[in-house]
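Beneath this line is the structure, given in C-alpha coordinates, with notes to follow.
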Amino acid sequence: MLDEHRSGRLTAWGNALLAGFAAPDDAAHRITGRDAVHRVTGLPGEAGPVGLTLALGRLRALGATGLRLALPVPGHPLGLSGPPEFNARAMEAEEAVIAVGAGLGLVPEIREAGPEGDVHTEVEWHCLPVRDTPPADTPTLSEAERELAEALREATEVLTRLDVAGSGPVARAALEAYRARAERNREVLAPGYPPRAARVLELAQRVGALIAIAYEPGDREGREHGAAVSASQIAARAAALRPVERTARRARVAAYNAIVEERERRRD
(Lines give C-alpha, C1' and ligand atoms only; values in the text may rest on other atoms or scores of the structure.)
Protein backbone atom coordinates (compact mmCIF):
# COMPACT_ATOMS: atom_id res chain seq x y z
CA MET A 1 0.00 0.00 0.00
CA LEU A 2 2.98 2.31 -0.20
CA ASP A 3 2.45 3.11 -3.89
CA GLU A 4 -0.57 5.05 -5.09
CA HIS A 5 -2.91 3.37 -7.54
CA ARG A 6 -2.90 4.53 -11.14
CA SER A 7 -6.66 4.90 -10.81
CA GLY A 8 -6.01 7.44 -8.06
CA ARG A 9 -3.85 9.55 -10.37
CA LEU A 10 -6.46 9.34 -13.14
CA THR A 11 -9.21 10.33 -10.72
CA ALA A 12 -7.32 13.26 -9.20
CA TRP A 13 -5.95 14.81 -12.39
CA GLY A 14 -9.04 13.95 -14.43
CA ASN A 15 -11.11 15.83 -11.87
CA ALA A 16 -8.70 18.77 -11.97
CA LEU A 17 -9.08 18.87 -15.76
CA LEU A 18 -12.88 18.58 -15.71
CA ALA A 19 -13.09 21.33 -13.08
CA GLY A 20 -10.83 23.66 -15.06
CA PHE A 21 -7.83 23.51 -12.71
CA ALA A 22 -5.45 21.70 -15.11
CA ALA A 23 -4.69 21.79 -18.83
CA PRO A 24 -5.34 18.59 -20.84
CA ASP A 25 -1.70 17.85 -21.65
CA ASP A 26 -0.56 18.55 -18.09
CA ALA A 27 -3.26 16.26 -16.68
CA ALA A 28 -2.29 13.48 -19.10
CA HIS A 29 1.38 13.88 -18.17
CA ARG A 30 0.63 13.69 -14.44
CA ILE A 31 -1.57 10.61 -14.88
CA THR A 32 1.07 8.81 -16.93
CA GLY A 33 3.78 9.48 -14.35
CA ARG A 34 6.76 7.19 -14.88
CA ASP A 35 4.87 4.80 -17.16
CA ALA A 36 5.79 4.70 -20.84
CA VAL A 37 2.30 5.23 -22.21
CA HIS A 38 -1.38 5.10 -21.27
CA ARG A 39 -4.09 4.23 -23.79
CA VAL A 40 -7.87 3.93 -23.51
CA THR A 41 -9.81 1.26 -25.43
CA GLY A 42 -13.55 0.77 -25.83
CA LEU A 43 -14.34 4.48 -25.64
CA PRO A 44 -17.66 5.27 -27.38
CA GLY A 45 -17.06 6.98 -30.71
CA GLU A 46 -13.49 5.68 -31.05
CA ALA A 47 -12.64 2.67 -33.23
CA GLY A 48 -9.39 1.85 -31.45
CA PRO A 49 -7.09 2.86 -28.58
CA VAL A 50 -6.63 6.58 -27.94
CA GLY A 51 -4.33 8.63 -25.74
CA LEU A 52 -5.30 10.14 -22.41
CA THR A 53 -5.73 13.70 -23.68
CA LEU A 54 -8.26 12.66 -26.30
CA ALA A 55 -9.94 10.20 -23.93
CA LEU A 56 -10.50 12.78 -21.19
CA GLY A 57 -11.92 15.21 -23.72
CA ARG A 58 -14.21 12.52 -25.09
CA LEU A 59 -15.46 11.64 -21.60
CA ARG A 60 -16.32 15.28 -20.99
CA ALA A 61 -18.19 15.41 -24.31
CA LEU A 62 -20.09 12.25 -23.28
CA GLY A 63 -21.34 14.02 -20.16
CA ALA A 64 -18.72 13.21 -17.52
CA THR A 65 -18.84 15.80 -14.75
CA GLY A 66 -16.30 14.14 -12.47
CA LEU A 67 -14.40 10.94 -11.73
CA ARG A 68 -14.75 8.61 -8.76
CA LEU A 69 -12.18 6.11 -7.52
CA ALA A 70 -13.08 2.50 -6.70
CA LEU A 71 -10.71 0.20 -4.76
CA PRO A 72 -12.53 -3.14 -4.53
CA VAL A 73 -11.14 -6.38 -3.14
CA PRO A 74 -12.87 -9.76 -2.74
CA GLY A 75 -15.60 -9.40 -0.14
CA HIS A 76 -15.52 -5.59 -0.25
CA PRO A 77 -16.73 -4.02 -3.55
CA LEU A 78 -15.63 -0.54 -2.46
CA GLY A 79 -16.82 2.10 -4.92
CA LEU A 80 -18.55 -0.26 -7.37
CA SER A 81 -22.15 -0.05 -8.56
CA GLY A 82 -22.31 -2.67 -11.36
CA PRO A 83 -22.98 -4.19 -13.78
CA PRO A 84 -21.33 -7.59 -13.09
CA GLU A 85 -18.95 -7.43 -16.09
CA PHE A 86 -17.45 -4.16 -14.94
CA ASN A 87 -17.39 -5.24 -11.31
CA ALA A 88 -15.54 -8.45 -12.20
CA ARG A 89 -12.84 -6.57 -14.14
CA ALA A 90 -12.47 -3.98 -11.41
CA MET A 91 -12.31 -6.65 -8.72
CA GLU A 92 -9.53 -8.45 -10.60
CA ALA A 93 -7.53 -5.23 -10.98
CA GLU A 94 -8.46 -4.08 -7.45
CA GLU A 95 -8.97 -0.57 -8.81
CA ALA A 96 -11.15 1.36 -11.25
CA VAL A 97 -12.43 4.81 -12.14
CA ILE A 98 -16.09 5.76 -12.62
CA ALA A 99 -16.95 8.66 -14.97
CA VAL A 100 -19.87 10.36 -13.19
CA GLY A 101 -22.62 11.41 -15.60
CA ALA A 102 -21.27 9.41 -18.53
CA GLY A 103 -22.30 5.91 -17.44
CA LEU A 104 -18.78 4.64 -18.09
CA GLY A 105 -15.98 3.13 -16.07
CA LEU A 106 -12.27 2.56 -16.68
CA VAL A 107 -10.20 -0.39 -15.48
CA PRO A 108 -6.41 -0.48 -15.97
CA GLU A 109 -4.52 -3.41 -17.43
CA ILE A 110 -0.79 -3.07 -16.73
CA ARG A 111 1.85 -4.64 -18.97
CA GLU A 112 5.63 -4.62 -18.77
CA ALA A 113 7.70 -4.78 -21.95
CA GLY A 114 11.33 -4.53 -22.99
CA PRO A 115 14.56 -6.40 -22.27
CA GLU A 116 15.92 -6.96 -18.77
CA GLY A 117 17.37 -3.76 -17.44
CA ASP A 118 15.22 -1.64 -19.77
CA VAL A 119 11.70 -2.65 -18.84
CA HIS A 120 8.95 -0.09 -19.35
CA THR A 121 5.33 -0.12 -18.23
CA GLU A 122 2.35 0.33 -20.51
CA VAL A 123 -1.19 0.84 -19.23
CA GLU A 124 -4.34 0.06 -21.18
CA TRP A 125 -7.57 1.43 -19.71
CA HIS A 126 -10.61 -0.65 -20.64
CA CYS A 127 -13.75 1.51 -20.92
CA LEU A 128 -17.00 -0.28 -20.02
CA PRO A 129 -20.60 0.71 -19.21
CA VAL A 130 -21.45 1.23 -15.53
CA ARG A 131 -24.67 1.81 -13.64
CA ASP A 132 -25.43 5.38 -12.66
CA THR A 133 -26.23 4.54 -9.03
CA PRO A 134 -24.54 5.43 -5.73
CA PRO A 135 -21.28 3.47 -5.25
CA ALA A 136 -20.86 0.87 -2.53
CA ASP A 137 -19.57 1.73 0.96
CA THR A 138 -17.94 5.09 0.23
CA PRO A 139 -17.51 7.32 3.32
CA THR A 140 -17.52 11.09 3.52
CA LEU A 141 -14.26 12.88 4.26
CA SER A 142 -15.27 13.56 7.84
CA GLU A 143 -16.20 9.91 8.38
CA ALA A 144 -12.93 8.76 6.81
CA GLU A 145 -10.85 11.12 8.94
CA ARG A 146 -12.52 9.95 12.13
CA GLU A 147 -12.14 6.26 11.18
CA LEU A 148 -8.49 6.76 10.24
CA ALA A 149 -7.53 8.29 13.56
CA GLU A 150 -8.82 5.19 15.31
CA ALA A 151 -7.27 2.88 12.69
CA LEU A 152 -3.85 4.45 13.16
CA ARG A 153 -4.03 3.79 16.88
CA GLU A 154 -5.16 0.21 16.25
CA ALA A 155 -2.39 -0.46 13.71
CA THR A 156 0.27 0.85 16.08
CA GLU A 157 -1.08 -1.22 18.95
CA VAL A 158 -1.25 -4.39 16.83
CA LEU A 159 2.28 -4.00 15.51
CA THR A 160 3.62 -3.28 18.98
CA ARG A 161 1.80 -6.25 20.48
CA LEU A 162 3.12 -8.56 17.76
CA ASP A 163 6.64 -7.10 18.07
CA VAL A 164 6.85 -5.91 14.46
CA ALA A 165 6.96 -2.17 15.12
CA GLY A 166 9.83 -1.51 12.73
CA SER A 167 12.45 -3.49 14.62
CA GLY A 168 14.34 -4.97 11.67
CA PRO A 169 16.15 -3.52 8.64
CA VAL A 170 13.44 -4.41 6.10
CA ALA A 171 10.77 -2.73 8.20
CA ARG A 172 12.92 0.36 8.72
CA ALA A 173 13.67 0.55 4.99
CA ALA A 174 9.96 0.40 4.17
CA LEU A 175 9.20 3.24 6.56
CA GLU A 176 12.08 5.35 5.23
CA ALA A 177 10.90 4.76 1.65
CA TYR A 178 7.46 6.03 2.61
CA ARG A 179 8.89 9.12 4.31
CA ALA A 180 11.13 9.92 1.33
CA ARG A 181 8.24 9.57 -1.10
CA ALA A 182 5.97 11.72 1.07
CA GLU A 183 8.64 14.44 1.11
CA ARG A 184 9.18 14.17 -2.64
CA ASN A 185 5.47 14.17 -3.52
CA ARG A 186 4.02 16.79 -1.23
CA GLU A 187 1.24 17.52 -3.73
CA VAL A 188 -0.51 14.21 -3.11
CA LEU A 189 -3.66 15.26 -4.94
CA ALA A 190 -4.31 17.71 -7.77
CA PRO A 191 -5.33 21.38 -7.92
CA GLY A 192 -8.92 22.03 -6.86
CA TYR A 193 -9.06 19.52 -4.02
CA PRO A 194 -9.95 20.75 -0.52
CA PRO A 195 -7.07 20.74 2.01
CA ARG A 196 -8.92 18.24 4.16
CA ALA A 197 -8.79 15.68 1.32
CA ALA A 198 -5.00 15.95 1.15
CA ARG A 199 -4.81 15.56 4.93
CA VAL A 200 -7.00 12.43 4.87
CA LEU A 201 -5.01 10.90 2.00
CA GLU A 202 -1.69 11.57 3.76
CA LEU A 203 -3.00 9.90 6.92
CA ALA A 204 -4.26 6.94 4.87
CA GLN A 205 -0.78 6.62 3.38
CA ARG A 206 0.75 6.57 6.86
CA VAL A 207 -1.60 3.78 7.88
CA GLY A 208 -0.74 2.00 4.64
CA ALA A 209 2.95 2.28 5.44
CA LEU A 210 2.42 0.59 8.79
CA ILE A 211 0.44 -2.20 7.13
CA ALA A 212 3.15 -2.65 4.50
CA ILE A 213 5.72 -3.04 7.25
CA ALA A 214 3.59 -5.75 8.87
CA TYR A 215 3.26 -7.54 5.51
CA GLU A 216 6.89 -7.05 4.43
CA PRO A 217 8.55 -9.91 2.44
CA GLY A 218 9.90 -11.58 5.54
CA ASP A 219 6.44 -13.04 6.08
CA ARG A 220 6.81 -15.02 2.87
CA GLU A 221 10.52 -15.76 2.94
CA GLY A 222 11.09 -16.51 6.60
CA ARG A 223 12.96 -13.31 7.45
CA GLU A 224 12.22 -10.54 9.83
CA HIS A 225 9.00 -11.49 11.54
CA GLY A 226 9.84 -9.94 14.89
CA ALA A 227 8.17 -12.12 17.48
CA ALA A 228 5.52 -13.39 15.04
CA VAL A 229 7.45 -16.33 13.62
CA SER A 230 4.85 -19.09 13.43
CA ALA A 231 2.24 -19.53 10.74
CA SER A 232 -0.55 -19.07 13.29
CA GLN A 233 0.98 -15.83 14.56
CA ILE A 234 1.38 -14.51 11.01
CA ALA A 235 -2.28 -15.37 10.34
CA ALA A 236 -3.27 -13.63 13.55
CA ARG A 237 -1.39 -10.52 12.47
CA ALA A 238 -3.17 -10.50 9.10
CA ALA A 239 -6.57 -10.94 10.75
CA ALA A 240 -5.88 -8.13 13.21
CA LEU A 241 -4.78 -5.71 10.48
CA ARG A 242 -7.51 -6.53 7.96
CA PRO A 243 -10.02 -4.02 9.38
CA VAL A 244 -7.31 -1.36 9.48
CA GLU A 245 -6.44 -2.01 5.84
CA ARG A 246 -10.13 -1.74 4.92
CA THR A 247 -10.38 1.62 6.70
CA ALA A 248 -7.30 2.95 4.88
CA ARG A 249 -8.77 1.95 1.50
CA ARG A 250 -12.08 3.63 2.34
CA ALA A 251 -10.21 6.79 3.29
CA ARG A 252 -8.24 6.83 0.03
CA VAL A 253 -11.49 6.60 -1.91
CA ALA A 254 -13.03 9.40 0.15
CA ALA A 255 -10.00 11.65 -0.44
CA TYR A 256 -9.84 11.12 -4.20
CA ASN A 257 -13.61 11.51 -4.57
CA ALA A 258 -13.80 14.63 -2.40
CA ILE A 259 -13.95 17.11 -5.25
CA VAL A 260 -16.98 15.32 -6.73
CA GLU A 261 -18.66 14.94 -3.34
CA GLU A 262 -18.16 18.63 -2.57
CA ARG A 263 -19.71 19.69 -5.86
CA GLU A 264 -22.72 17.40 -5.34
CA ARG A 265 -23.29 18.78 -1.83
CA ARG A 266 -23.32 22.32 -3.19
CA ARG A 267 -25.81 21.33 -5.89
CA ASP A 268 -28.12 19.73 -3.30
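A note on labels: chains of the C-alpha coordinates are A, B, ... as shown, every chain counts residues from 1, and ligands are counted from 1 in their shown order.
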Distance query region 198-201 of chain A at most 7 Å, only C-alpha atoms, self and fewer than 4 positions along chain excluded, as a list in words: Glu145, Val188, Leu189, Gln205, Ala251, Arg252 and Ala255 of chain A
File of the preceding selection, all heavy atoms, as an mmCIF file, in the first residue's frame:
data_model
loop_
_atom_site.group_PDB
_atom_site.id
_atom_site.type_symbol
_atom_site.label_atom_id
_atom_site.label_comp_id
_atom_site.auth_asym_id
_atom_site.auth_seq_id
_atom_site.Cartn_x
_atom_site.Cartn_y
_atom_site.Cartn_z
ATOM 1 N N GLU A 145 -11.854 10.567 8.038
ATOM 2 C CA GLU A 145 -10.845 11.125 8.937
ATOM 3 C C GLU A 145 -11.013 10.582 10.353
ATOM 4 O O GLU A 145 -10.036 10.238 11.020
ATOM 5 C CB GLU A 145 -10.940 12.650 8.942
ATOM 6 C CG GLU A 145 -9.770 13.335 9.605
ATOM 7 C CD GLU A 145 -9.757 14.827 9.349
ATOM 8 O OE1 GLU A 145 -10.849 15.425 9.215
ATOM 9 O OE2 GLU A 145 -8.657 15.406 9.284
ATOM 10 N N VAL A 188 -0.020 15.570 -2.982
ATOM 11 C CA VAL A 188 -0.512 14.208 -3.107
ATOM 12 C C VAL A 188 -1.785 14.133 -3.929
ATOM 13 O O VAL A 188 -2.140 13.066 -4.423
ATOM 14 C CB VAL A 188 -0.754 13.580 -1.720
ATOM 15 C CG1 VAL A 188 0.562 13.357 -1.004
ATOM 16 C CG2 VAL A 188 -1.687 14.444 -0.878
ATOM 17 N N LEU A 189 -2.483 15.244 -4.083
ATOM 18 C CA LEU A 189 -3.658 15.265 -4.936
ATOM 19 C C LEU A 189 -3.413 16.238 -6.089
ATOM 20 O O LEU A 189 -2.280 16.449 -6.488
ATOM 21 C CB LEU A 189 -4.890 15.649 -4.112
ATOM 22 C CG LEU A 189 -5.406 14.525 -3.193
ATOM 23 C CD1 LEU A 189 -6.466 15.064 -2.228
ATOM 24 C CD2 LEU A 189 -5.974 13.381 -4.009
ATOM 25 N N GLN A 205 -2.076 7.120 3.828
ATOM 26 C CA GLN A 205 -0.782 6.618 3.379
ATOM 27 C C GLN A 205 0.084 6.200 4.567
ATOM 28 O O GLN A 205 0.821 5.215 4.483
ATOM 29 C CB GLN A 205 -0.077 7.676 2.536
ATOM 30 C CG GLN A 205 -0.734 7.899 1.180
ATOM 31 C CD GLN A 205 -0.157 9.095 0.452
ATOM 32 O OE1 GLN A 205 0.355 10.030 1.065
ATOM 33 N NE2 GLN A 205 -0.244 9.079 -0.858
ATOM 34 N N ALA A 251 -10.661 5.403 3.173
ATOM 35 C CA ALA A 251 -10.212 6.791 3.286
ATOM 36 C C ALA A 251 -9.583 7.288 1.987
ATOM 37 O O ALA A 251 -9.778 8.444 1.598
ATOM 38 C CB ALA A 251 -9.214 6.926 4.432
ATOM 39 N N ARG A 252 -8.828 6.435 1.325
ATOM 40 C CA ARG A 252 -8.242 6.828 0.033
ATOM 41 C C ARG A 252 -9.338 7.179 -0.961
ATOM 42 O O ARG A 252 -9.257 8.176 -1.685
ATOM 43 C CB ARG A 252 -7.364 5.708 -0.520
ATOM 44 C CG ARG A 252 -6.036 5.532 0.192
ATOM 45 C CD ARG A 252 -5.324 4.269 -0.277
ATOM 46 N NE ARG A 252 -4.128 4.025 0.517
ATOM 47 C CZ ARG A 252 -2.892 4.156 0.066
ATOM 48 N NH1 ARG A 252 -2.682 4.523 -1.170
ATOM 49 N NH2 ARG A 252 -1.864 3.911 0.852
ATOM 50 N N ALA A 255 -10.875 10.520 -0.097
ATOM 51 C CA ALA A 255 -10.004 11.651 -0.438
ATOM 52 C C ALA A 255 -10.026 11.942 -1.939
ATOM 53 O O ALA A 255 -10.191 13.094 -2.355
ATOM 54 C CB ALA A 255 -8.581 11.347 0.021
#
Residue contacts of Ala151 (chain A) (10 Å, only C-alpha atoms) excluding same-chain residues fewer than 2 positions away, as number ranges by chain: A: 145-149, 153-157, 204, 207, 241, 243-248
Which of region 61-127 of chain A DSSP labels strand (DSSP E), written as a list of chain:residue names: A:Gly66, A:Leu67, A:Arg68, A:Leu69, A:Ala70, A:Ala96, A:Val97, A:Ile98, A:Ala99, A:Val100, A:Leu104, A:Gly105, A:Leu106, A:Val107, A:Pro108, A:Glu109, A:Ile110, A:Arg111, A:Glu112, A:Ala113, A:His120, A:Thr121, A:Glu122, A:Val123, A:Glu124, A:Trp125, A:His126, A:Cys127
All residues 8 Å or closer to region 89-106 of chain A, only C-alpha atoms, same chain fewer than 3 positions away omitted, as an MDAnalysis selection string: chainID A and resid 5 7 10:11 59 62:74 77 85:86 109 125:132
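In this comparison, which uses only C-alpha atoms, the residue of A:Asn87, A:Glu261, A:Leu78, A:Ala190 approaching Gly14 (chain A) most closely is A:Ala190.
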Residue list (alpha helix (DSSP H), DSSP) for region 71-162 of chain A, as a PyMOL selection string: chain A and resi 84-93+141-161
Residue among A:Arg6, A:Glu124, A:Asp118, A:Ala27 lying closest to Val40 (chain A), counting only C-alpha atoms: A:Glu124
Between CA of Leu56 (chain A) and CA of Ile31 (chain A) - distance in Å to one decimal: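 Answer for the CA of Ile31 (chain A) to CA of Leu56 (chain A) separation: 11.1 Å.
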Using only C-alpha atoms: which of A:Arg111, A:Arg242, A:Arg58, A:Arg196 has the shortest distance to Ala212 (chain A):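 Comparing A:Arg111, A:Arg242, A:Arg58, A:Arg196 against Ala212 (chain A), the winner is A:Arg242.
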Coordinates-based distance that separates CA of Arg237 (chain A) from CA of Glu143 (chain A) (Å, one decimal):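 Straight-line distance from CA of Glu143 (chain A) to CA of Arg237 (chain A) works out to 25.6 Å.
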Best match for closeness to Leu17 (chain A) among A:Thr53, A:Thr138, A:Thr160, A:Thr32, counting only C-alpha atoms: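 Ranking A:Thr53, A:Thr138, A:Thr160, A:Thr32 by distance to Leu17 (chain A), first place goes to A:Thr53.
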Interatomic distance, CA of Ile259 (chain A) to CA of Gly57 (chain A) (Å, one decimal): 18.7 Å
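With only C-alpha atoms as the basis for measurement, A:Leu52 is the residue among A:Leu52, A:Val253, A:Leu43, A:Ala136 that approaches Asp26 (chain A) most closely.
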Minimum-distance residue to Gly20 (chain A), chosen among A:Arg60, A:Glu150, A:Glu122, A:Arg39 (using only C-alpha atoms):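 Smallest separation from Gly20 (chain A) among the options: A:Arg60.
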